[in-house]
Structures are given as C-alpha cells and as structure tokens.
Amino acid sequence: MSSETHAIFFDALGTLVELEPPWVHLRAALADGVTDDRLEAAVRAEMRYYRAHSDEGRDADSLADLRRRCAAVLSRELGQEVDVDTLMEAIRFRPYPDAAPALDDLRRRGVKLICVSNWDCSLPQVLERCSLGDALDGVVSSAAAGARKPDPEIFAGALALARCAPREALHVGDTAEEDVEGARAAGIRALLLVREPAADRDGITDRPESIASLREIEEHLQP
C-alpha cells in the first residue's frame with residue numbers, strides 16, 4: 001500500500017552538486033613538465049583514495065589527517081609536492097542548475113528535504129557554499145552516520161530527522177548500487193537520476209523509476 005510522501009532524501013555529488021575538474025584548477029600551481037594526462041590521472045587516483053576513505057573524516061582532526069593523506073597520494077602520483085591547501089583550493093563544487101529550483105518547489109509542498117551522502121563531516125559546509133544549505137532540513141554524511149550507502153543504516157538518521165517511516169520517504173540519487181539499492185534495503189522508494197541519456201543503468205536487478213532532472217520529482221510523489 002502506498003503512503004503519502006513526507007520526506008525526500010537526496011544524494012549530494014552527481015545529484016545536488018557537481019565537482020569542477022580539479023586538474024584545471026591545479027595546473028597553475030604545478031611546476032612545468034607535468035602533462036595534462038598525468039595530471040588528470042593523478043587527480044583521479046587521489047579521488048579514488050578519498051572515496052574509499054571519506055568515512056574516516058569524522059571530525060576536524062580526522063578530516064585534517066584524511067586531507068593530508070589525500071595530498072600525499074596526489075604528490076606521489078605527480079612526483080612533486082602538493083600541500084593540503086593547494087589541493088583543497090582545487091576542489092570546488094557547484095550546484096546543478098535544477099537543484100535550487102527543485103528544492104524550492106518541494107519545500108512549498110511541506111515535505112522534509114534531507115541530504116544523505118557518502119561524504120566526510122564537511123558536507124554541510126560544502127552545501128552551504130553551494131547556496132543549498134538553507135533549502136535543506138538536514139544533512140546526513142556517511143562519516144557522521146558510521147555507515148555508507150548502500151548500507152541501509154545511513155538512512156536511519158535521515159528518517160529520524162524527518163520523523164517519518166520508510167514508506168513515507170523517497171530517495172533521489174544518481175547511482176543504481178549506492179542510491180537505489182541502498183534506499184530499497186532501508187524500505188525507501190527510490191528514483192534514479194539519469195542526467196545523460198547514455199548513462200549506465202546496469203548493476204541493478206530491475207529497472208527503477210528514473211528522472212532526467214530534479215524538477216521531475218514532483219511527478220513521482222505519492223499523493
């Protein structure tokens with residue numbers, strides 16, 4: 001039996017915000033001799049390391065340590081020293097054009113809006129810098145929750161913030177395994193955000209409901 005939608009949960013990266021290519025911003029800070037291909041490969045190696053360890057940035061001290069390790073990975077891959085400040089200056093996020101309008105429309109419906117994402121403890125500040133913080137009723141990062149999607153446990157904190165049952169919530173994200181499978185494991189209906197028609201939708205046993213823009217969420221709310 002369907003229930004009225006009281007809360008909507010959102011993934012962050014790839015859903016609400018996108019990462020500007022860090023290698024573009026790093027270029028001016030590096031010595032000559034590093035090719036574009038090597039620079040991008042080095043940054044992607046650092047990104048993979050961060051993604052695997054993001055949950056370890058639970059507070060200011062552990063986050064600082066994580067960032068030092070990320071800078072060390074980048075430095076090793078490049079063969080030259082890159083300090084933490086230089087790395088962090090190159091990591092810039094921006095909101096997708098449809099994010100703020102969609103959140104505003106949904107807020108007028110009276111539903112709770114909460115970001116649930118695999119991220120370190122700085123996620124609230126990232127969303128604030130992207131001018132999305134005031135549009136959300138809460139933020140749950142994997143570092144704070146002690147669990148990362150697709151582990152359904154990360155959604156427990158979001159459900160508590162929203163004060164609703166799983167059947168009354170909807171999760172929106174851009175990955176089949178983490179967002180759709182994770183939400184379903186928590187008993188929450190999910191929408192897969194596919195911004196590009198050619199995006200890979202494999203890796204899930206049955207095709208989920210999908211949208212091409214956050215502005216389409218309203219069409220999928222339970223009455």
# chains A, B, ... in the order shown; residues from 1 in each chain; ligands from 1

$ residues_around --residues "stretch 110-123 of chain A" --least-positions-apart "6" --cutoff "10 Å" --atoms "only C-alpha atoms" --output "PyMOL selection string"
chain A and resi 5-13+15-16+50-60+62-63+66+103+129+133+135-145+147-150+154-155+157-159+161-164+169-173+178-179

$ residues_around --residues "A:Leu221" --least-positions-apart "2" --cutoff "9 Å" --atoms "only C-alpha atoms" --output "list in words"
Glu4, Thr5, Leu170, Ile217, Glu218, Glu219 and Pro223 of chain A

$ select_by_dssp --residues "stretch 2-221 of chain A" --states "helix (DSSP H, G or I)" --output "ChimeraX atom specification"
/A:22-29,36-56,60-78,84-90,99-108,123-129,133-135,142-145,154-162,166-168,176-185,214-220

$ atom_distance --atom1 "atom CA of A:Ala42" --atom2 "atom CA of A:Asp65"
19.5 Å

$ closest_residue --among "A:Glu18, A:Glu181, A:Glu168, A:Asp83" --to "A:Gln222" --atoms "only C-alpha atoms"
A:Glu168

$ atom_distance --atom1 "atom CA of A:Thr175" --atom2 "atom CA of A:Ser131"
23.6 Å

$ residues_around --residues "stretch 88-95 of chain A" --least-positions-apart "2" --cutoff "10 Å" --atoms "only C-alpha atoms" --output "PyMOL selection string"
chain A and resi 12-27+29+67+70-71+83-86+97-100+126-127+129-132
